[in-house]
Amino acid sequence: MTWIHQGAQRLSRLMTGLEGLLAQKSLVCLYCGNAHNHREKLPLCKRCWEAIPWILQVECPVCGRYESCPDCARREETWFAQNRSAVRYDEQMKEWLAQYKYRGQEKLSALLGHMLLHAYHLHRNPSIQPNAKTSPVTEVLTFVPLSDQRYAERGFNQAKQMAFELGRLANLPVIPLLRRTRHTDKQSFKARAERLDDLVGVFELDSVNGERLGQASRDRRIRIYIIDDVYTTGSTLNECARTIKSAITAEVCGISWAR
């Protein structure tokens with residue numbers, strides 16, 4: 001019976017090896033769809049992983065820009081404490097976002113949302129924020145809302161999807177706090193002055209969630225992270241923060257996927 005036992009062992013080793021090969025071949029890059037055996041925290045092949053221009057060093061302590069920033073110095077009043085972004089908005093990242101927002105690749109919400117973890121950790125990095133308060137704080141996520149017209153065109157709110165993905169990974173609650181009072185054209189097509197004028201009064205606080213969080217802020221320190229896909233001049237984030245702080249005593253920060 002020894003030979004039967006030896007044969008069974010060889011078969012077991014063979015099956016284990018095959019399972020390992022199949023497991024390696026089953027990895028598929030979430031962005032490009034190519035099979036690969038590159039194992040990282042994100043479900044990407046080596047080529048796509050290496051294309052990510054992570055923001056590792058922050059030059060502007062307010063907006064989190066990786067180079068000198070003219071916008072923060074020009075802003076008359078800043079309502080948010082700081083913003084941090086995960087990646088530089090280069091041509092490759094523009095293409096990733098376009099695939100997600102405009103070409104029906106909603107599966108990328110999990111990828112981009114996961115990448116927001118990097119920006120979230122930049123907020124908490126003591127070397128970047130050396131004088132941050134150390135008292136206990138309750139952290140919550142919210143997101144930049146879409147107008148009804150934009151939602152009808154796209155079918156989803158990318159900021160909301162990414163916020164819920166980050167909330168799942170960081171174990172943070174996501175609370176819808178803002179609504180748009182009117183539709184605006186795409187901010188990326190406008191000059192800075194036009195952005196400022198166009199966004200005045202465009203957001204309002206959700207009455208129910210705003211009241212609940214406002215009551216909670218009387219008893220504890222609260223930090224609210226506003227999630228968006230791209231930070232350009234900070235006009236949208238600043239107006240969102242102004243709307244929130246008009247009714248809620250909280251530290252308001254921004255987390256954007258790209259800068």
# chains A, B, ... in the order shown; residues from 1 in each chain; ligands from 1
>>> closest_atom_pairs(of="stretch 70-189 of chain A", to="stretch 44-49 of chain A", cutoff="12 Å", atoms="only C-alpha atoms", output="Markdown table")
| residue | atom | partner | partner_atom | distance |
| --- | --- | --- | --- | --- |
| A:Gln92 | CA | A:Cys48 | CA | 9.6 |
| A:Met93 | CA | A:Cys48 | CA | 10.6 |
| A:Trp96 | CA | A:Cys48 | CA | 10.3 |
| A:Leu108 | CA | A:Leu44 | CA | 11.1 |
| A:Ala110 | CA | A:Leu44 | CA | 11.9 |
| A:Leu111 | CA | A:Leu44 | CA | 8.9 |
| A:Leu112 | CA | A:Leu44 | CA | 11.7 |
| A:His114 | CA | A:Leu44 | CA | 12.0 |
| A:Met115 | CA | A:Trp49 | CA | 11.2 |
>>> write_last_selection(atoms="C-alpha atoms", output="short mmCIF file (atom, residue, chain, number, x, y, z; two decimals), in the first residue's frame")
data_model
loop_
_atom_site.label_atom_id
_atom_site.label_comp_id
_atom_site.auth_asym_id
_atom_site.auth_seq_id
_atom_site.Cartn_x
_atom_site.Cartn_y
_atom_site.Cartn_z
CA GLN A 92 -2.70 59.24 -16.99
CA MET A 93 -4.88 60.08 -14.01
CA TRP A 96 -8.49 57.00 -15.33
CA LEU A 108 -13.27 51.85 -10.85
CA ALA A 110 -13.57 50.71 -5.67
CA LEU A 111 -10.07 51.44 -6.99
CA LEU A 112 -10.23 55.23 -6.70
CA HIS A 114 -9.23 52.74 -2.05
CA MET A 115 -6.62 55.23 -3.24
#
>>> select_by_dssp(residues="stretch 74-259 of chain A", states="strand (DSSP E or B)", output="ChimeraX atom specification")
/A:82-87,138-143,174,178-180,203-205,222-230,251-258
>>> write_last_selection(atoms="N, CA and C atoms", output="mmCIF file, in the first residue's frame")
data_model
loop_
_atom_site.group_PDB
_atom_site.id
_atom_site.type_symbol
_atom_site.label_atom_id
_atom_site.label_comp_id
_atom_site.auth_asym_id
_atom_site.auth_seq_id
_atom_site.Cartn_x
_atom_site.Cartn_y
_atom_site.Cartn_z
ATOM 1 N N GLN A 82 -7.740 72.093 6.056
ATOM 2 C CA GLN A 82 -6.731 71.654 5.097
ATOM 3 C C GLN A 82 -7.330 70.612 4.163
ATOM 4 N N ASN A 83 -6.668 70.424 3.046
ATOM 5 C CA ASN A 83 -7.039 69.385 2.084
ATOM 6 C C ASN A 83 -5.821 68.518 1.822
ATOM 7 N N ARG A 84 -6.066 67.241 1.570
ATOM 8 C CA ARG A 84 -5.009 66.340 1.137
ATOM 9 C C ARG A 84 -5.537 65.510 -0.039
ATOM 10 N N SER A 85 -4.668 65.299 -1.002
ATOM 11 C CA SER A 85 -5.032 64.555 -2.212
ATOM 12 C C SER A 85 -4.115 63.356 -2.370
ATOM 13 N N ALA A 86 -4.628 62.336 -3.050
ATOM 14 C CA ALA A 86 -3.870 61.098 -3.190
ATOM 15 C C ALA A 86 -2.834 61.160 -4.302
ATOM 16 N N VAL A 87 -3.216 61.729 -5.466
ATOM 17 C CA VAL A 87 -2.334 61.672 -6.639
ATOM 18 C C VAL A 87 -2.274 63.026 -7.340
ATOM 19 N N THR A 138 -14.186 62.907 16.816
ATOM 20 C CA THR A 138 -15.084 62.041 16.058
ATOM 21 C C THR A 138 -14.988 62.429 14.590
ATOM 22 N N GLU A 139 -14.600 61.487 13.749
ATOM 23 C CA GLU A 139 -14.417 61.761 12.332
ATOM 24 C C GLU A 139 -15.590 61.202 11.530
ATOM 25 N N VAL A 140 -16.064 61.993 10.581
ATOM 26 C CA VAL A 140 -17.127 61.553 9.682
ATOM 27 C C VAL A 140 -16.779 61.992 8.262
ATOM 28 N N LEU A 141 -17.348 61.298 7.298
ATOM 29 C CA LEU A 141 -17.160 61.639 5.891
ATOM 30 C C LEU A 141 -18.456 62.184 5.316
ATOM 31 N N THR A 142 -18.316 63.133 4.406
ATOM 32 C CA THR A 142 -19.432 63.540 3.562
ATOM 33 C C THR A 142 -18.868 63.752 2.162
ATOM 34 N N PHE A 143 -19.657 64.283 1.243
ATOM 35 C CA PHE A 143 -19.190 64.353 -0.144
ATOM 36 C C PHE A 143 -19.829 65.546 -0.848
ATOM 37 N N VAL A 174 -20.435 57.675 6.769
ATOM 38 C CA VAL A 174 -20.650 58.622 5.672
ATOM 39 C C VAL A 174 -22.018 59.267 5.874
ATOM 40 N N LEU A 178 -24.869 67.807 2.369
ATOM 41 C CA LEU A 178 -25.050 68.931 1.467
ATOM 42 C C LEU A 178 -25.972 68.599 0.294
ATOM 43 N N ARG A 179 -26.656 69.638 -0.180
ATOM 44 C CA ARG A 179 -27.448 69.545 -1.407
ATOM 45 C C ARG A 179 -27.111 70.744 -2.274
ATOM 46 N N ARG A 180 -27.255 70.574 -3.576
ATOM 47 C CA ARG A 180 -27.073 71.705 -4.490
ATOM 48 C C ARG A 180 -28.410 72.408 -4.690
ATOM 49 N N PHE A 203 -24.736 75.631 -2.405
ATOM 50 C CA PHE A 203 -24.953 74.487 -1.510
ATOM 51 C C PHE A 203 -25.827 74.885 -0.327
ATOM 52 N N GLU A 204 -26.583 73.930 0.160
ATOM 53 C CA GLU A 204 -27.346 74.109 1.386
ATOM 54 C C GLU A 204 -27.201 72.862 2.243
ATOM 55 N N LEU A 205 -27.381 73.037 3.532
ATOM 56 C CA LEU A 205 -27.205 71.939 4.476
ATOM 57 C C LEU A 205 -28.449 71.071 4.512
ATOM 58 N N ILE A 222 -15.543 67.389 16.527
ATOM 59 C CA ILE A 222 -15.890 66.676 15.300
ATOM 60 C C ILE A 222 -15.035 67.173 14.140
ATOM 61 N N ARG A 223 -14.557 66.250 13.350
ATOM 62 C CA ARG A 223 -13.858 66.579 12.108
ATOM 63 C C ARG A 223 -14.640 65.975 10.941
ATOM 64 N N ILE A 224 -14.962 66.807 9.971
ATOM 65 C CA ILE A 224 -15.731 66.379 8.800
ATOM 66 C C ILE A 224 -14.819 66.425 7.580
ATOM 67 N N TYR A 225 -14.689 65.309 6.894
ATOM 68 C CA TYR A 225 -13.928 65.244 5.648
ATOM 69 C C TYR A 225 -14.899 65.308 4.470
ATOM 70 N N ILE A 226 -14.693 66.266 3.589
ATOM 71 C CA ILE A 226 -15.509 66.388 2.383
ATOM 72 C C ILE A 226 -14.777 65.707 1.237
ATOM 73 N N ILE A 227 -15.422 64.716 0.626
ATOM 74 C CA ILE A 227 -14.793 63.930 -0.437
ATOM 75 C C ILE A 227 -15.152 64.495 -1.808
ATOM 76 N N ASP A 228 -14.158 64.608 -2.672
ATOM 77 C CA ASP A 228 -14.374 65.009 -4.066
ATOM 78 C C ASP A 228 -13.343 64.319 -4.937
ATOM 79 N N ASP A 229 -13.561 64.351 -6.240
ATOM 80 C CA ASP A 229 -12.625 63.660 -7.131
ATOM 81 C C ASP A 229 -11.372 64.484 -7.415
ATOM 82 N N VAL A 230 -11.541 65.779 -7.751
ATOM 83 C CA VAL A 230 -10.386 66.610 -8.114
ATOM 84 C C VAL A 230 -10.436 67.941 -7.370
ATOM 85 N N GLU A 251 -14.332 70.966 12.682
ATOM 86 C CA GLU A 251 -13.173 71.158 11.807
ATOM 87 C C GLU A 251 -13.504 70.484 10.481
ATOM 88 N N VAL A 252 -13.412 71.245 9.402
ATOM 89 C CA VAL A 252 -13.769 70.720 8.084
ATOM 90 C C VAL A 252 -12.509 70.591 7.244
ATOM 91 N N CYS A 253 -12.299 69.421 6.693
ATOM 92 C CA CYS A 253 -11.133 69.132 5.852
ATOM 93 C C CYS A 253 -11.604 68.553 4.521
ATOM 94 N N GLY A 254 -10.719 68.571 3.561
ATOM 95 C CA GLY A 254 -11.021 67.993 2.259
ATOM 96 C C GLY A 254 -10.161 66.785 1.983
ATOM 97 N N ILE A 255 -10.752 65.787 1.322
ATOM 98 C CA ILE A 255 -10.004 64.647 0.787
ATOM 99 C C ILE A 255 -10.396 64.519 -0.671
ATOM 100 N N SER A 256 -9.442 64.729 -1.542
ATOM 101 C CA SER A 256 -9.712 64.597 -2.967
ATOM 102 C C SER A 256 -8.799 63.526 -3.556
ATOM 103 N N TRP A 257 -9.283 62.911 -4.603
ATOM 104 C CA TRP A 257 -8.495 61.852 -5.226
ATOM 105 C C TRP A 257 -7.277 62.446 -5.933
ATOM 106 N N ALA A 258 -7.458 63.564 -6.642
ATOM 107 C CA ALA A 258 -6.367 64.132 -7.420
ATOM 108 C C ALA A 258 -6.217 65.625 -7.146
#
>>> closest_residue(among="A:Thr181, A:Phe164, A:Leu97, A:Leu169", to="A:Asp148", atoms="only C-alpha atoms")
A:Thr181
>>> select_by_dssp(residues="stretch 35-209 of chain A", states="helix (DSSP H, G or I)", output="ChimeraX atom specification")
/A:46-50,71-74,91-101,108-123,148-154,158-170,187-189,192-199,207-209
>>> residues_around(residues="stretch 70-72 of chain A", least_positions_apart="4", cutoff="9 Å", atoms="only C-alpha atoms", output="short mmCIF file (atom, residue, chain, number, x, y, z; two decimals) with N, CA and C atoms, in the first residue's frame")
data_model
loop_
_atom_site.label_atom_id
_atom_site.label_comp_id
_atom_site.auth_asym_id
_atom_site.auth_seq_id
_atom_site.Cartn_x
_atom_site.Cartn_y
_atom_site.Cartn_z
N CYS A 60 2.25 72.83 0.09
CA CYS A 60 1.31 73.77 0.70
C CYS A 60 0.57 73.10 1.85
N VAL A 62 -1.99 73.97 3.44
CA VAL A 62 -3.44 74.17 3.42
C VAL A 62 -4.09 73.25 2.41
N CYS A 63 -3.73 73.37 1.15
CA CYS A 63 -4.42 72.60 0.11
C CYS A 63 -3.75 71.26 -0.18
N GLU A 76 -9.44 85.06 0.03
CA GLU A 76 -9.74 86.05 1.07
C GLU A 76 -10.12 85.38 2.39
N THR A 78 -10.66 81.35 4.09
CA THR A 78 -10.61 79.90 3.93
C THR A 78 -11.41 79.26 5.06
N THR A 233 -8.86 74.65 -7.66
CA THR A 233 -8.52 75.89 -6.94
C THR A 233 -9.01 75.86 -5.50
N GLY A 234 -9.85 74.91 -5.16
CA GLY A 234 -10.39 74.84 -3.81
C GLY A 234 -11.69 75.60 -3.63
#
